[in-house]
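Participant: There's a structure below that I have some questions on.
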Amino acid sequence: MIQQLVIYPLVVQMLLAIVLMSVWSRIGWQRVISIVGSVINLAVAVWLFTAVWQNGTMSVQAGNWEAPFGITFVADTFAATLVLLTAIAGLAVSSFSAGSVITARLKFGFFPIFHFLLLGLNGAFLTGDIFNLYVWFEIIIITSFVLLTIGGEKAQLEGAVKYFTLNILASIVFLTAIAVLYGLTGSLNMADLAGKVAAVENRTLVQVNALLFLVGFGIKSALFPLYFWLPASYHTPPSAVSAIFGGLLTKVGVYALLRVFTLIFEVDPFLENVLIAVAVLTLFSGAVGAIVQNNIRKIFSYLVICHIGYMVAGLGMMTELAITGAIFYLIHDIMVKTNLFMVSGVIYKIKANHNIRKLGDFYADNPRLSLLFAIPLFSLVGIPPLSGFWPKLSLISEGWTTQNFTVIAAILFASFITLFVIVKLWGEVFWKTGEKLPEVRNFPYFKKLSKVKKTQMLAPIVMLSIVSLYLGFGAGNIQSLAERIAFEILDNQEYIYTVLRK
Amino acid sequence: MEVLLAIIIGTLYAAGIYMILRRSLVKLIIGIILLGNGANLLIFLLGRIAKGSPPIIPANSKTFLEAYSDPLPQALILTAIVISFGLQSFAIVLVKRAHKVVKTDDLDEMNATDEYS
């Protein structure tokens with residue numbers, strides 16, 4: 001069996017970015033290379049996933065330095081699943097950007113930067129070294145800064161200042177946490193740290209350190225009260241960028257939280273309470289934020305925040321079924337949020353407006369598109385048997401067994417508000433008789449676009465909707481995948497053995 | 001030495017956070033730079049400082065004879081410095097553009113994206 005398979009997703013993305021840089025000014029070529037490359041990346045990700053699914057956790061040591069001295073890359077089921085989801089979302093957004101982002105913006109190196117972002121995401125999922133994780137996080141944030149600011153509109157720059165400040169602060173907190181962790185244990189390898197942190201005598205310092213990690217990752221995953229950068233910035237860049245941000249960036253923070261708090265730190269009752277309190281407040285404030293907004297993308301931004309709460313609630317309860325629910329939700333959320341921001345992009349291209357009060361008539365004008373858009377919208381709410389329903393079922397039943405009634409209340413409240421918001425959106429945008437919107441001059445309306453571009457924009461939405469439907473109707477398979485991941489990350493013996501060989 | 005470094009690091013963190021909390025864009029960047037340097041020095045300090053003892057095993061021995069200074073934190077700091085250098089240069093350009101477009105350097109006036117519409 002080839003262990004090097006673990007780093008192939010990184011190699012593919014990096015080569016792709018380099019090839020794209022060499023055709024910097026030929027946008028037509030870049031569109032084709034990006035889509036074809038994303039298909040290849042998807043194939044590699046499927047390969048990695050099947051290999052991990054059949055043979056268990058795989059690891060590779062950079063430069064053949066024995067662990068824990070070198071940098072390790074590990075693909076367990078969790079990492080492989082997320083790499084697969086990144087590849088699916090990456091392909092969708094690559095095609096969507098080729099169709100929807102205007103050429104003037106693509107000229108500033110949109111596609112190379114986009115693939116560097118995907119490289120960073122894959123790296124963050126696959127690395128088994130905490131300092132290396134920091135480096136991948138930096139790659140993610142620097143590329144996301146560029147994607148956020150390409151175009152240089154006033155709103156983009158204002159949003160970017162806030163996004164930038166808080167994300168860089170998160171990195172510094174994360175770096176501080178790594179420094180303290182290294183001072184305590186003298187190791188950076190996550191599998192090695194698992195044993196060493198447990199053996200540290202100064203428990204107070206370990207607890208403070210765990211909280212530093214929580215704050216660092218909490219800013220990145222937009223937890224209450226650290227989320228204010230998200231609604232200030234996610235609605236400013238082109239929809240394609242919002243799609244990849246909304247789908248994947250906050251989820252990397254959640255991934256890191258799940259990884260660090262199952263592998264390195266033991267979650268003690270205090271930390272459990274902190275996580276649950278934060279999750280409940282995130283669910284509450286995100287939901288309330290979503291009610292009052294009128295801009296479609298701002299509504300979705302607040303829903304991104306709100307739904308992070310489900311995953312953190314699962315982590316906070318810390319039982320196998322709760323983690324299963326959190327991971328199922330993570331899988332569902334990546335697909336649906338990416339899709340929703342693309343949907344908002346198509347609506348914007350058709351109507352040239354984002355305000356739900358002004359929009360209307362969408363169903364009368366585009367009945368087939370509306371039915372397509374209904375799939376992600378109602379998957380998000382989780383009307384059974386669509387995909388959002390099943391993870392909530394696990395979370396609520398686990399909340400019942402562990403007597404966390406506040407969590408159940410918050411989950412039901414957030415689900416109800418999500419339903420309310422989506423129904424309101426459906427009524428306002430799709431069914432209402434809207435006012436006549438003035439024609440915007442020089443705006444690339446959807447109907448004016450070529451057939452190729454229309455396909456490039458709609459095909460990814462169809463693709464992700466099919467994936468969402470599969471997540472709902474094939475929930476049994478996804479549930480057993482999530483169960484396997486939950487088992488693996490809670491009982492981390494296989495991970496540690498694969499890395500350290502002892 | 002440790003005490004001195006600890007005081008310096010504390011001052012850097014405190015000054016950095018104070019500067020970030022100011023409203024001016026330029027002070028924001030200075031704050032970020034100070035915080036970044038504080039974090040780098042913290043890694044250096046927590047790697048255990050041993051003066052004048054490089055991590056080299058003498059020829060006639062198989063293990064280290066005395067406490068040695070750990071080279072790994074220095075490699076980490078180097079990486080962190082390079083990364084923060086890149087980020088800071090981006091920040092300076094971003095702030096310059098933002099100042100030009102929004103025509104203010106007061107963060108309280110940069111509220112167009114948060115406004116209810």
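Letters A, B, ... mark the chains of the structure tokens in the order given; residue numbers begin at 1 per chain; ligand numbers begin at 1, in order shown.
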Applying 9 Å and only C-alpha atoms, which residues near Asp106 (chain B) remain after dropping the ones on its own chain fewer than 4 positions away? List them as an MDAnalysis selection string.
Facilitator: chainID B and resid 23:25 110
Participant: Using C-alpha atoms, can you write the selected residues to a file as a compact mmCIF listing (two decimals), in the first residue's frame?
Facilitator:
```txt
# COMPACT_ATOMS: atom_id res chain seq x y z
CA ARG B 23 -9.55 53.43 16.83
CA SER B 24 -6.78 54.43 14.44
CA LEU B 25 -5.89 52.08 11.59
CA MET B 110 -15.87 52.04 9.01
```
Participant: Set out as a Markdown table a contact list for chain A and chain B with a cut-off of 9 Å, giving each residue of chain A that qualifies its closest atom pair and distance in Å to one decimal, counting only C-alpha atoms, ordered by chain and rising residue number.
Facilitator:
```
| residue | atom | partner | partner_atom | distance |
| --- | --- | --- | --- | --- |
| A:Phe131 | CA | B:Leu76 | CA | 7.9 |
| A:Val135 | CA | B:Ile83 | CA | 8.1 |
| A:Glu138 | CA | B:Ile83 | CA | 7.3 |
| A:Ile139 | CA | B:Ile83 | CA | 8.9 |
| A:Ile142 | CA | B:Leu87 | CA | 6.9 |
| A:Phe145 | CA | B:Phe90 | CA | 8.7 |
| A:Val146 | CA | B:Phe90 | CA | 9.0 |
| A:Thr149 | CA | B:Leu94 | CA | 8.5 |
| A:Gly152 | CA | B:Arg97 | CA | 8.0 |
| A:Glu153 | CA | B:Val101 | CA | 8.0 |
| A:Lys154 | CA | B:Val101 | CA | 6.0 |
| A:Ala155 | CA | B:Thr113 | CA | 6.0 |
| A:Gln156 | CA | B:Thr113 | CA | 8.4 |
| A:Leu157 | CA | B:Ala98 | CA | 5.5 |
| A:Glu158 | CA | B:Met110 | CA | 6.2 |
| A:Gly159 | CA | B:Thr113 | CA | 6.3 |
| A:Ala160 | CA | B:Leu94 | CA | 8.1 |
| A:Val161 | CA | B:Val95 | CA | 7.3 |
| A:Phe164 | CA | B:Ala91 | CA | 7.8 |
| A:Thr165 | CA | B:Ile32 | CA | 8.0 |
| A:Ile168 | CA | B:Ile32 | CA | 7.8 |
| A:Leu169 | CA | B:Ile32 | CA | 7.5 |
| A:Ile172 | CA | B:Gly36 | CA | 6.2 |
| A:Val173 | CA | B:Ala39 | CA | 8.2 |
| A:Leu175 | CA | B:Ala39 | CA | 6.6 |
| A:Thr176 | CA | B:Ala39 | CA | 5.5 |
| A:Ile178 | CA | B:Ile43 | CA | 8.1 |
| A:Ala179 | CA | B:Ile43 | CA | 4.7 |
| A:Val180 | CA | B:Leu46 | CA | 6.7 |
| A:Leu181 | CA | B:Leu46 | CA | 9.0 |
| A:Tyr182 | CA | B:Leu46 | CA | 7.2 |
| A:Gly183 | CA | B:Leu46 | CA | 4.6 |
| A:Leu184 | CA | B:Leu46 | CA | 8.1 |
| A:Gly186 | CA | B:Gly47 | CA | 7.8 |
| A:Pro231 | CA | B:Asp114 | CA | 7.5 |
| A:Ala232 | CA | B:Thr113 | CA | 5.4 |
| A:Ser233 | CA | B:Thr113 | CA | 7.1 |
| A:His235 | CA | B:Thr113 | CA | 8.4 |
| A:Thr236 | CA | B:Thr113 | CA | 7.8 |
| A:Val292 | CA | B:Tyr116 | CA | 8.5 |
| A:Gln293 | CA | B:Tyr116 | CA | 7.0 |
| A:Asn294 | CA | B:Ser117 | CA | 6.4 |
| A:Asn295 | CA | B:Ser117 | CA | 6.9 |
| A:Asn355 | CA | B:Ser117 | CA | 7.8 |
```
Participant: With a distance cut-off of 12 Å and only C-alpha atoms, select the neighbouring residues of Ala50 (chain B), excluding the residue or stretch itself and same-chain residues fewer than 6 positions from it, and output the selection as a list in words.
Facilitator: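 Once the nearby chain positions are removed, what remains is Met1, Glu2, Phe44, Glu66, Ala67, Tyr68, Ser69, Asp70 and Pro71 of chain B.
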Participant: Report as a PyMOL selection string: the residues of region 235-271 of chain A with a DSSP assignment of helix (DSSP H, G or I), based on the backbone of this structure.
Facilitator: chain A and resi 239-264+269-271
Participant: List as a PyMOL selection string the protein and nucleic acid residues near Ala210 (chain A), meaning an atom at most 7 Å away when only C-alpha atoms are counted, but skip any in the same chain fewer than 4 places from it.
Facilitator: chain A and resi 206+214+265
Participant: Keeping C-alpha atoms for every residue in the selection just given, could you write it to a file as a short mmCIF file (atom, residue, chain, number, x, y, z; two decimals), in the first residue's frame?
Facilitator:
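Generated output (out31.cif):
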```cif
data_model
loop_
_atom_site.label_atom_id
_atom_site.label_comp_id
_atom_site.auth_asym_id
_atom_site.auth_seq_id
_atom_site.Cartn_x
_atom_site.Cartn_y
_atom_site.Cartn_z
CA VAL A 206 -2.82 22.73 30.76
CA LEU A 214 -10.41 27.32 22.32
CA PHE A 265 -6.63 17.63 25.61
#
```
Participant: Do you know which residues are at most 9 Å from Ile276 (chain A) counting only C-alpha atoms, after dropping those on the same chain fewer than 5 positions away, and could you put them as a PyMOL selection string?
Facilitator: chain A and resi 271+281+309+312-317+404+406-407
Participant: So which one's closest to Ile92 (chain B), B:Lys27, B:Leu34, B:Ser61, B:Pro54? Using only C-alpha atoms, please.
Facilitator: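 Closest candidate: B:Lys27.
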Participant: Just give me the gap between CA of Pro55 (chain B) and CA of Ile81 (chain B) in Å, one decimal is fine.
Facilitator: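 Here the two named atoms are 22.3 Å from each other.
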Participant: Measure the distance from CA of Ala75 (chain A) to CA of Leu126 (chain A) in Å and round it to one decimal.
Facilitator: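 We find that CA of Ala75 (chain A) and CA of Leu126 (chain A) lie 5.7 Å from each other.
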